[in-house]
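J.: Quick one, target-v3.csv (CSV, C-alpha atoms and all ligand atoms):
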```
chain,number,residue,atom,x,y,z
G,1,MET,CA,144.3,91.8,93.7
G,2,LEU,CA,142.8,89.0,91.5
G,3,SER,CA,143.0,85.4,92.6
G,4,ARG,CA,145.0,83.2,90.2
G,5,VAL,CA,141.7,81.4,89.2
G,6,ALA,CA,139.9,84.7,88.5
G,7,ALA,CA,142.9,86.0,86.5
G,8,ARG,CA,142.9,82.8,84.4
G,9,ALA,CA,139.1,83.0,83.7
G,10,LEU,CA,139.5,86.7,82.6
G,11,ALA,CA,142.4,85.7,80.4
G,12,ALA,CA,140.3,83.1,78.6
G,13,PRO,CA,136.7,84.2,79.0
G,14,SER,CA,135.3,82.2,76.1
G,15,ALA,CA,136.9,78.9,77.5
G,16,ALA,CA,135.4,79.7,80.9
G,17,ARG,CA,132.0,80.2,79.4
G,18,PHE,CA,132.3,77.1,77.3
G,19,PHE,CA,133.2,74.8,80.2
G,20,SER,CA,130.4,76.0,82.5
G,21,ALA,CA,127.8,75.6,79.7
G,22,SER,CA,129.1,72.2,78.7
G,23,ALA,CA,129.0,70.9,82.3
G,24,ALA,CA,125.4,71.8,82.5
G,25,HIS,CA,124.3,70.6,79.1
G,26,GLN,CA,126.5,67.6,78.2
G,27,THR,CA,124.2,65.7,75.8
G,28,LYS,CA,125.2,62.8,73.7
G,29,VAL,CA,122.6,61.7,71.2
G,30,ALA,CA,122.6,58.5,69.2
G,31,VAL,CA,120.8,57.9,65.9
G,32,LEU,CA,120.1,54.2,65.2
G,33,GLY,CA,119.4,53.8,61.5
G,34,ALA,CA,121.5,56.9,60.7
G,35,GLY,CA,122.3,55.7,57.1
G,36,GLY,CA,118.7,55.7,56.0
G,37,GLY,CA,116.3,58.1,54.3
G,38,ILE,CA,115.3,59.7,57.6
G,39,GLY,CA,118.6,59.0,59.4
G,40,GLN,CA,120.8,61.0,57.2
G,41,PRO,CA,118.9,64.4,57.2
G,42,LEU,CA,118.0,63.8,60.8
G,43,SER,CA,121.7,63.5,61.7
G,44,LEU,CA,122.5,66.7,59.8
G,45,LEU,CA,119.7,68.6,61.7
G,46,LEU,CA,120.9,67.2,65.0
G,47,LYS,CA,124.5,68.3,64.1
G,48,SER,CA,123.0,71.8,63.8
G,49,ASP,CA,121.3,71.7,67.2
G,50,PRO,CA,123.5,73.6,69.8
G,51,LEU,CA,122.0,71.4,72.6
G,52,VAL,CA,123.6,68.3,71.1
G,53,THR,CA,127.2,68.1,72.2
G,54,SER,CA,128.0,64.7,70.8
G,55,LEU,CA,126.4,62.6,68.0
G,56,SER,CA,126.8,58.9,67.7
G,57,LEU,CA,125.6,57.5,64.3
G,58,TYR,CA,124.9,53.8,64.0
G,59,ASP,CA,123.4,51.7,61.1
G,60,ILE,CA,123.9,48.2,59.8
G,61,ARG,CA,125.3,49.9,56.7
G,62,GLY,CA,126.7,53.3,55.9
G,63,ALA,CA,126.9,55.1,59.2
G,64,PRO,CA,130.7,55.8,59.2
G,65,GLY,CA,130.3,57.6,55.8
G,66,VAL,CA,127.4,59.7,57.0
G,67,ALA,CA,129.3,60.6,60.2
G,68,ALA,CA,132.4,61.6,58.2
G,69,ASP,CA,130.3,63.8,56.0
G,70,VAL,CA,128.2,65.4,58.8
G,71,SER,CA,131.2,65.9,61.0
G,72,HIS,CA,132.5,68.6,58.7
G,73,VAL,CA,129.6,70.9,59.5
G,74,ASP,CA,131.0,73.8,61.6
G,75,THR,CA,129.1,73.4,64.8
G,76,ALA,CA,130.6,72.5,68.1
G,77,SER,CA,129.4,68.9,68.5
G,78,GLU,CA,131.6,65.8,67.9
G,79,VAL,CA,130.3,63.2,65.5
G,80,LYS,CA,131.3,59.5,65.3
G,81,GLY,CA,130.0,56.7,63.1
G,82,TYR,CA,129.7,53.1,64.0
G,83,ALA,CA,129.6,50.0,61.8
G,84,ALA,CA,127.2,47.1,62.1
G,85,ASP,CA,129.1,45.2,64.8
G,86,GLN,CA,129.6,48.3,66.9
G,87,LEU,CA,126.2,48.9,68.4
G,88,ASP,CA,127.3,48.7,72.0
G,89,GLN,CA,130.1,51.2,71.4
G,90,ALA,CA,127.6,53.5,69.7
G,91,LEU,CA,125.4,53.5,72.8
G,92,GLU,CA,128.1,54.2,75.4
G,93,GLY,CA,127.2,57.2,77.5
G,94,VAL,CA,124.2,58.4,75.4
G,95,LYS,CA,121.5,60.4,77.0
G,96,VAL,CA,119.1,60.3,74.1
G,97,VAL,CA,118.6,57.5,71.5
G,98,VAL,CA,116.6,58.3,68.4
G,99,ILE,CA,115.4,55.2,66.4
G,100,PRO,CA,114.5,55.5,62.7
G,101,ALA,CA,115.8,52.0,61.8
G,102,GLY,CA,113.5,49.8,59.8
G,103,VAL,CA,111.8,49.4,56.5
G,104,PRO,CA,109.4,52.1,55.1
G,105,ARG,CA,106.1,51.5,53.3
G,106,LYS,CA,105.5,51.1,49.6
G,107,PRO,CA,102.2,52.0,47.9
G,108,GLY,CA,99.3,49.8,49.0
G,109,MET,CA,100.9,48.9,52.3
G,110,THR,CA,99.6,49.9,55.8
G,111,ARG,CA,102.1,50.8,58.6
G,112,ASP,CA,101.0,47.5,60.2
G,113,ASP,CA,102.3,45.6,57.2
G,114,LEU,CA,105.8,46.7,58.4
G,115,PHE,CA,105.3,44.9,61.7
G,116,ASN,CA,106.9,41.6,60.7
G,117,THR,CA,110.2,43.2,59.7
G,118,ASN,CA,110.4,46.2,62.1
G,119,ALA,CA,109.3,44.5,65.3
G,120,SER,CA,112.4,42.5,65.7
G,121,ILE,CA,114.7,45.3,64.6
G,122,VAL,CA,113.3,47.6,67.2
G,123,ARG,CA,113.2,44.9,69.9
G,124,ASP,CA,116.9,44.1,69.4
G,125,LEU,CA,117.9,47.8,69.4
G,126,ALA,CA,115.9,48.3,72.6
G,127,ALA,CA,117.6,45.3,74.2
G,128,ALA,CA,121.0,46.9,73.4
G,129,VAL,CA,119.9,50.2,75.0
G,130,ALA,CA,118.7,48.3,78.1
G,131,ARG,CA,122.2,46.6,78.3
G,132,VAL,CA,124.5,49.6,77.6
G,133,SER,CA,122.6,52.8,78.4
G,134,PRO,CA,119.6,51.9,80.5
G,135,GLU,CA,119.1,55.5,81.6
G,136,ALA,CA,118.8,56.8,78.1
G,137,HIS,CA,115.6,58.5,76.7
G,138,ILE,CA,114.4,56.5,73.7
G,139,LEU,CA,112.6,58.3,70.8
G,140,VAL,CA,110.9,55.8,68.4
G,141,ILE,CA,110.3,56.7,64.8
G,142,SER,CA,110.2,53.2,63.3
G,143,ASN,CA,106.7,52.1,62.2
G,144,PRO,CA,104.2,51.0,63.2
G,145,VAL,CA,104.8,53.4,66.1
G,146,ASN,CA,101.5,52.2,67.8
G,147,SER,CA,103.2,48.8,68.2
G,148,THR,CA,106.9,49.6,68.2
G,149,VAL,CA,106.7,51.8,71.3
G,150,PRO,CA,105.0,49.0,73.3
G,151,ILE,CA,107.6,46.6,72.0
G,152,VAL,CA,110.4,48.9,73.3
G,153,ALA,CA,108.5,49.2,76.7
G,154,SER,CA,108.1,45.5,77.0
G,155,THR,CA,111.7,44.8,76.1
G,156,LEU,CA,112.9,47.3,78.7
G,157,GLU,CA,110.5,45.8,81.2
G,158,LYS,CA,111.9,42.3,80.6
G,159,ALA,CA,115.4,43.7,81.2
G,160,GLY,CA,114.1,45.4,84.4
G,161,VAL,CA,115.0,48.9,83.3
G,162,PHE,CA,111.7,50.4,82.0
G,163,ASN,CA,111.1,54.0,83.0
G,164,PRO,CA,107.9,55.3,81.4
G,165,ARG,CA,109.2,58.9,81.7
G,166,ARG,CA,112.0,58.1,79.2
G,167,LEU,CA,110.1,56.5,76.3
G,168,PHE,CA,108.5,58.5,73.5
G,169,GLY,CA,106.8,57.6,70.2
G,170,ILE,CA,107.4,60.4,67.8
G,171,THR,CA,104.1,61.7,66.4
G,172,THR,CA,105.5,65.1,65.7
G,173,LEU,CA,105.0,64.7,61.9
G,174,ASP,CA,101.3,64.6,62.5
G,175,VAL,CA,101.5,67.8,64.4
G,176,VAL,CA,103.7,69.4,61.8
G,177,ARG,CA,101.3,68.3,59.0
G,178,ALA,CA,98.2,69.5,60.9
G,179,ALA,CA,99.7,73.0,61.4
G,180,ARG,CA,100.8,73.2,57.7
G,181,PHE,CA,97.5,71.9,56.3
G,182,LEU,CA,95.3,74.1,58.5
G,183,ALA,CA,97.4,77.1,57.5
G,184,GLY,CA,96.8,76.2,53.9
G,185,VAL,CA,93.1,76.0,54.3
G,186,THR,CA,92.7,79.2,56.4
G,187,GLY,CA,95.4,81.4,54.8
G,188,ALA,CA,97.0,81.9,58.3
G,189,THR,CA,100.7,81.0,58.9
G,190,PRO,CA,101.7,77.7,60.6
G,191,ASP,CA,102.8,79.4,63.7
G,192,GLN,CA,99.2,80.5,64.2
G,193,THR,CA,97.7,77.1,63.5
G,194,THR,CA,99.3,74.8,66.0
G,195,VAL,CA,97.0,71.8,66.5
G,196,THR,CA,97.1,69.2,69.3
G,197,VAL,CA,97.0,65.8,67.6
G,198,VAL,CA,96.2,62.9,70.0
G,199,GLY,CA,95.8,59.1,69.8
G,200,GLY,CA,98.4,57.2,67.8
G,201,HIS,CA,100.3,57.4,64.5
G,202,SER,CA,98.3,55.7,61.7
G,203,GLY,CA,95.1,56.5,59.8
G,204,ALA,CA,92.1,56.5,62.1
G,205,THR,CA,94.2,56.5,65.3
G,206,ILE,CA,95.5,60.1,64.4
G,207,VAL,CA,93.0,62.5,66.0
G,208,PRO,CA,93.5,66.2,65.3
G,209,LEU,CA,91.7,68.4,67.9
G,210,LEU,CA,90.9,71.2,65.5
G,211,SER,CA,88.0,72.5,67.7
G,212,GLN,CA,90.6,73.5,70.3
G,213,THR,CA,92.2,76.1,68.0
G,214,ALA,CA,91.0,79.5,66.9
G,215,TYR,CA,91.5,78.8,63.2
G,216,GLY,CA,90.5,75.1,63.3
G,217,LYS,CA,87.1,75.7,64.8
G,218,GLY,CA,86.2,77.9,61.8
G,219,VAL,CA,86.7,74.9,59.4
G,220,THR,CA,83.4,73.1,59.0
G,221,GLY,CA,81.4,70.7,56.8
G,222,GLU,CA,83.1,69.1,53.8
G,223,ALA,CA,86.2,71.3,54.3
G,224,TYR,CA,86.6,69.9,57.9
G,225,LYS,CA,86.2,66.3,56.7
G,226,ALA,CA,88.8,66.8,53.9
G,227,LEU,CA,91.2,68.5,56.4
G,228,VAL,CA,90.9,65.7,58.9
G,229,HIS,CA,91.4,63.1,56.2
G,230,ARG,CA,94.5,64.8,54.9
G,231,ILE,CA,96.0,65.0,58.4
G,232,GLN,CA,95.2,61.3,59.0
G,233,PHE,CA,96.5,60.1,55.7
G,234,GLY,CA,99.3,62.6,54.9
G,235,GLY,CA,101.8,59.8,55.1
G,236,ASP,CA,100.0,58.0,52.2
G,237,GLU,CA,100.2,61.1,50.1
G,238,VAL,CA,104.0,61.0,50.3
G,239,VAL,CA,104.2,57.2,49.8
G,240,LYS,CA,102.1,57.5,46.7
G,241,ALA,CA,104.2,60.4,45.3
G,242,LYS,CA,107.5,58.6,46.0
G,243,ASP,CA,106.0,55.7,44.0
G,244,GLY,CA,107.9,52.8,45.6
G,245,ALA,CA,110.9,54.7,46.7
G,246,GLY,CA,109.8,54.9,50.4
G,247,SER,CA,107.8,57.2,52.6
G,248,ALA,CA,108.3,60.6,54.2
G,249,THR,CA,112.0,61.2,55.1
G,250,LEU,CA,112.8,64.9,54.9
G,251,SER,CA,109.7,66.2,56.7
G,252,MET,CA,110.2,63.3,59.2
G,253,ALA,CA,113.8,64.3,59.8
G,254,TYR,CA,112.5,67.9,60.5
G,255,ALA,CA,109.9,66.6,62.9
G,256,GLY,CA,112.3,64.2,64.6
G,257,ALA,CA,114.9,67.0,65.1
G,258,LYS,CA,112.1,69.3,66.4
G,259,PHE,CA,110.9,66.8,69.0
G,260,THR,CA,114.5,66.0,70.0
G,261,ASN,CA,115.2,69.7,70.6
G,262,SER,CA,112.0,70.0,72.7
G,263,LEU,CA,113.1,67.0,74.8
G,264,LEU,CA,116.6,68.4,75.2
G,265,ARG,CA,115.2,71.8,76.3
G,266,GLY,CA,113.1,70.0,78.9
G,267,LEU,CA,116.1,67.9,80.1
G,268,ASN,CA,118.1,71.1,80.4
G,269,GLY,CA,115.5,72.6,82.8
G,270,GLU,CA,113.4,74.8,80.5
G,271,LYS,CA,109.9,75.1,81.8
G,272,GLY,CA,106.7,74.9,79.8
G,273,VAL,CA,107.9,72.7,76.9
G,274,VAL,CA,104.7,71.0,75.9
G,275,THR,CA,104.1,68.8,72.8
G,276,PRO,CA,102.1,65.8,71.8
G,277,THR,CA,104.0,62.5,72.0
G,278,PHE,CA,103.0,58.8,72.3
G,279,VAL,CA,103.8,57.7,75.8
G,280,LYS,CA,102.8,55.2,78.5
G,281,SER,CA,99.7,57.1,79.6
G,282,PRO,CA,96.9,56.8,82.2
G,283,LEU,CA,94.4,58.7,80.1
G,284,PHE,CA,92.6,55.6,78.6
G,285,ALA,CA,94.3,52.9,80.7
G,286,ASP,CA,90.9,51.9,82.2
G,287,GLN,CA,89.9,50.8,78.6
G,288,GLY,CA,93.1,48.7,78.3
G,289,ILE,CA,94.9,51.4,76.2
G,290,ASP,CA,98.0,52.2,78.2
G,291,PHE,CA,99.9,54.0,75.5
G,292,PHE,CA,98.4,57.2,74.0
G,293,SER,CA,99.6,60.5,72.5
G,294,SER,CA,98.5,63.7,74.1
G,295,ASN,CA,100.1,66.9,75.1
G,296,VAL,CA,103.0,66.1,77.4
G,297,GLU,CA,105.1,68.5,79.3
G,298,LEU,CA,108.8,67.6,79.0
G,299,GLY,CA,111.1,68.2,82.0
G,300,LEU,CA,114.4,67.3,83.7
G,301,GLU,CA,113.4,63.6,83.8
G,302,GLY,CA,111.6,63.4,80.5
G,303,VAL,CA,107.8,63.1,80.9
G,304,GLU,CA,106.9,65.7,83.5
G,305,LYS,CA,103.1,65.9,83.1
G,306,ILE,CA,100.6,64.2,80.8
G,307,HIS,CA,97.9,66.6,79.9
G,308,PRO,CA,94.3,65.5,79.5
G,309,ILE,CA,92.9,65.8,76.0
G,310,GLY,CA,90.4,68.5,76.9
G,311,PRO,CA,86.9,69.3,75.5
G,312,LEU,CA,86.0,67.5,72.3
G,313,SER,CA,83.5,68.5,69.6
G,314,ALA,CA,80.9,66.0,68.5
G,315,GLU,CA,83.0,65.2,65.4
G,316,GLU,CA,86.1,64.6,67.5
G,317,GLU,CA,84.1,62.3,69.8
G,318,GLU,CA,83.4,60.2,66.7
G,319,LEU,CA,87.1,60.3,65.7
G,320,MET,CA,88.1,59.1,69.2
G,321,ALA,CA,85.5,56.3,69.0
G,322,ALA,CA,87.2,55.1,65.7
G,323,CYS,CA,90.7,55.6,67.1
G,324,LEU,CA,90.6,53.7,70.4
G,325,PRO,CA,89.7,50.1,69.3
G,326,GLU,CA,92.4,50.2,66.5
G,327,LEU,CA,95.0,51.6,68.9
G,328,LYS,CA,94.2,49.0,71.4
G,329,LYS,CA,94.8,46.2,68.9
G,330,ASN,CA,98.1,47.8,67.7
G,331,ILE,CA,99.3,48.1,71.3
G,332,GLU,CA,98.4,44.5,72.2
G,333,LYS,CA,100.1,43.2,69.1
G,334,GLY,CA,103.3,44.9,70.1
G,335,LYS,CA,103.2,43.5,73.7
G,336,ALA,CA,102.3,40.0,72.5
G,337,PHE,CA,105.3,40.0,70.2
G,338,VAL,CA,107.7,40.5,73.1
G,339,ALA,CA,105.8,38.1,75.4
G,340,ALA,CA,105.9,35.3,72.8
U,1,LIG,P1,115.2,53.6,55.0
U,1,LIG,O1,115.0,52.2,54.5
U,1,LIG,O2,115.6,54.7,54.1
U,1,LIG,O3,116.2,53.6,56.3
U,1,LIG,C1,116.1,52.7,57.3
U,1,LIG,C2,117.5,52.4,57.8
U,1,LIG,O4,117.5,51.5,58.9
U,1,LIG,C3,118.5,51.8,56.7
U,1,LIG,O5,119.6,52.6,56.6
U,1,LIG,C4,118.8,50.5,57.3
U,1,LIG,O6,120.1,50.0,57.0
U,1,LIG,C5,118.6,50.7,58.8
U,1,LIG,N1,118.5,49.5,59.6
U,1,LIG,C6,117.8,48.4,59.3
U,1,LIG,N2,117.9,47.5,60.3
U,1,LIG,C7,118.7,48.1,61.2
U,1,LIG,C8,119.2,47.7,62.5
U,1,LIG,N3,119.0,46.5,63.0
U,1,LIG,N4,120.0,48.5,63.2
U,1,LIG,C9,120.3,49.8,62.7
U,1,LIG,N5,119.8,50.2,61.5
U,1,LIG,C10,119.1,49.4,60.8
U,1,LIG,O7,113.8,54.0,55.8
U,1,LIG,P2,113.3,55.4,56.3
U,1,LIG,O8,112.6,56.1,55.2
U,1,LIG,O9,114.4,56.1,56.9
U,1,LIG,O10,112.2,55.0,57.4
U,1,LIG,C11,112.6,54.4,58.5
U,1,LIG,C12,111.4,54.0,59.4
U,1,LIG,O11,110.7,55.2,59.9
U,1,LIG,C13,110.3,53.2,58.7
U,1,LIG,O12,109.8,52.2,59.5
U,1,LIG,C14,109.2,54.3,58.4
U,1,LIG,O13,107.9,53.7,58.3
U,1,LIG,C15,109.3,55.1,59.7
U,1,LIG,N6,108.7,56.4,59.6
U,1,LIG,C16,108.1,56.9,60.7
U,1,LIG,C17,107.5,58.2,60.7
U,1,LIG,C18,106.8,58.7,61.9
U,1,LIG,O14,106.1,59.7,61.8
U,1,LIG,N7,107.1,58.2,63.1
U,1,LIG,C19,107.6,59.0,59.6
U,1,LIG,C20,108.3,58.5,58.5
U,1,LIG,C21,108.8,57.2,58.5
U,2,LIG,C1,104.3,59.1,57.8
U,2,LIG,O1,103.4,59.5,58.5
U,2,LIG,O2,104.7,59.8,56.8
U,2,LIG,C2,105.1,57.9,58.2
U,2,LIG,O3,104.5,57.2,59.2
U,2,LIG,C3,105.5,57.0,57.1
U,2,LIG,C4,104.4,56.3,56.4
U,2,LIG,O4,104.4,55.1,56.3
U,2,LIG,O5,103.4,57.0,56.0
```
What does the file become when written as structure tokens?
Ligand code: NAD
Ligand code: LMR
T.:
Amino acid sequence: MLSRVAARALAAPSAARFFSASAAHQTKVAVLGAGGGIGQPLSLLLKSDPLVTSLSLYDIRGAPGVAADVSHVDTASEVKGYAADQLDQALEGVKVVVIPAGVPRKPGMTRDDLFNTNASIVRDLAAAVARVSPEAHILVISNPVNSTVPIVASTLEKAGVFNPRRLFGITTLDVVRAARFLAGVTGATPDQTTVTVVGGHSGATIVPLLSQTAYGKGVTGEAYKALVHRIQFGGDEVVKAKDGAGSATLSMAYAGAKFTNSLLRGLNGEKGVVTPTFVKSPLFADQGIDFFSSNVELGLEGVEKIHPIGPLSAEEEELMAACLPELKKNIEKGKAFVAA
């Protein structure tokens, strides 16, 4: 004889499955800057991710419209849009906050030229996360990432809620580009040409470790130099082609959704999820560089393990020598902004 509970579960098997799965993987994700060039396609891609159960879209303009549009996509997640004065409501109960808010580059600008505008945007959004959802994982897209991540960390620190396991600068676009460009040079497919990219996210601070890959170590001489340059300055390629209309948005939305999915897989208990990301890191802390991107294993609490960078070729040693002083300056600038 079946118990009443078992009989009910058999009568509605899909509902029983749904509730057990949702209890284990209840994940609300917020996008701050959802109305922008990155924010819109990123919101669409997150709506397609089965690991996202609820999507909270915020911007100082346009988020309710984006939310209404995206909410018609036939996946299970709920979507809600929030207007400029509803930031705190947008952050209620979120587990992950992705931040693409801020201005993009125009031709002739460096990412650091965005600092004056974007630093305060990111600081204020981080302060709101600290106030409303201090346990949330924060994924920073807004440039200059080398400075905006330390700004978020210092803001959370000031509020007494900084947990380094829950803060990530998204450098995934560099990883995506490296795989795509190496595939182009070698004739392999991008799934065969994954490259670990370390350092930071701007020009010389982007260090692709091609020598650590089967296809990458076969690229030498002028071809190697051209490939490294393209990976380091891929962003400029897009800024130039868009000719004043902004920077990478679609490939960035793809990269942002890819990283968010990796994090959610880790948070849901999947083992062995490893990807480069810019985090508070001990690797070069003895040189005063306490944020660095290297392979990071993602787990139940966010950062599970920071991997060392591994063996470098002579060329990569040179790239690192150029990366570290610039990265240090960028990090210090971010910290000084919050301390001031
Ligand atoms: P965009 O101008 O198209 O969109 C930015 C959005 O941010 C706008 O909708 C704007 O209203 C919103 N915004 C501004 N202030 C805000 C605030 N206080 N709160 C909420 N929203 C706010 O720009 P975009 O092309 O989407 O780029 C956004 C940022 O991402 C830029 O800083 C850009 O440099 C950066 N970016 C980073 C990477 C990376 O690899 N990490 C790649 C591409 C772009
Ligand atoms: C990129 O790498 O495409 C972004 O950082 C945007 C930019 O300014 O290049």
J.: So how far away is atom CA of G:Ala253 from atom CA of G:Leu42, in Å?
T.: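 Between these atoms lies a distance of 4.3 Å.
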J.: Residues within 7 Å of ligand LIG 2 (chain U) should be enumerated using all atoms listed in the file and returned as a VMD selection string.
T.: chain G and resid 104 to 105 111 143 173 to 174 201 to 202 234 to 236 238 to 239 247 to 248 252
J.: Check which residues fall inside 8 Å of ligand LIG 1 (chain U) when counting only C-alpha atoms and all ligand atoms, and print them as number ranges by chain.
T.: G: 32-39, 58-62, 84, 100-105, 111, 114, 118, 121-122, 124-125, 140-145, 169-174, 201, 235, 246-249, 252, 255
J.: Residues near G:Gly302, anyone? I mean within 7 Å using only C-alpha atoms, not counting same-chain ones fewer than 5 positions away, as a PyMOL selection string.
T.: chain G and resi 165-166+263+266-267
J.: With C-alpha atoms kept, could you save the residues just selected as a PDB file, in the frame of the given file?
T.:
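part-v9.pdb, written as the output of this step:
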```pdb
ATOM      1  CA  ARG G 165     109.200  58.900  81.700  1.00  0.00           C
ATOM      2  CA  ARG G 166     112.000  58.100  79.200  1.00  0.00           C
ATOM      3  CA  LEU G 263     113.100  67.000  74.800  1.00  0.00           C
ATOM      4  CA  GLY G 266     113.100  70.000  78.900  1.00  0.00           C
ATOM      5  CA  LEU G 267     116.100  67.900  80.100  1.00  0.00           C
TER       6      LEU G 267
END
```
J.: For the atom pair atom CA of G:Gly216 and atom CA of G:Ala285, what is the interatomic distance in Å to one decimal place?
T.: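 Computed distance, atom CA of G:Gly216 to atom CA of G:Ala285, equals 28.5 Å.
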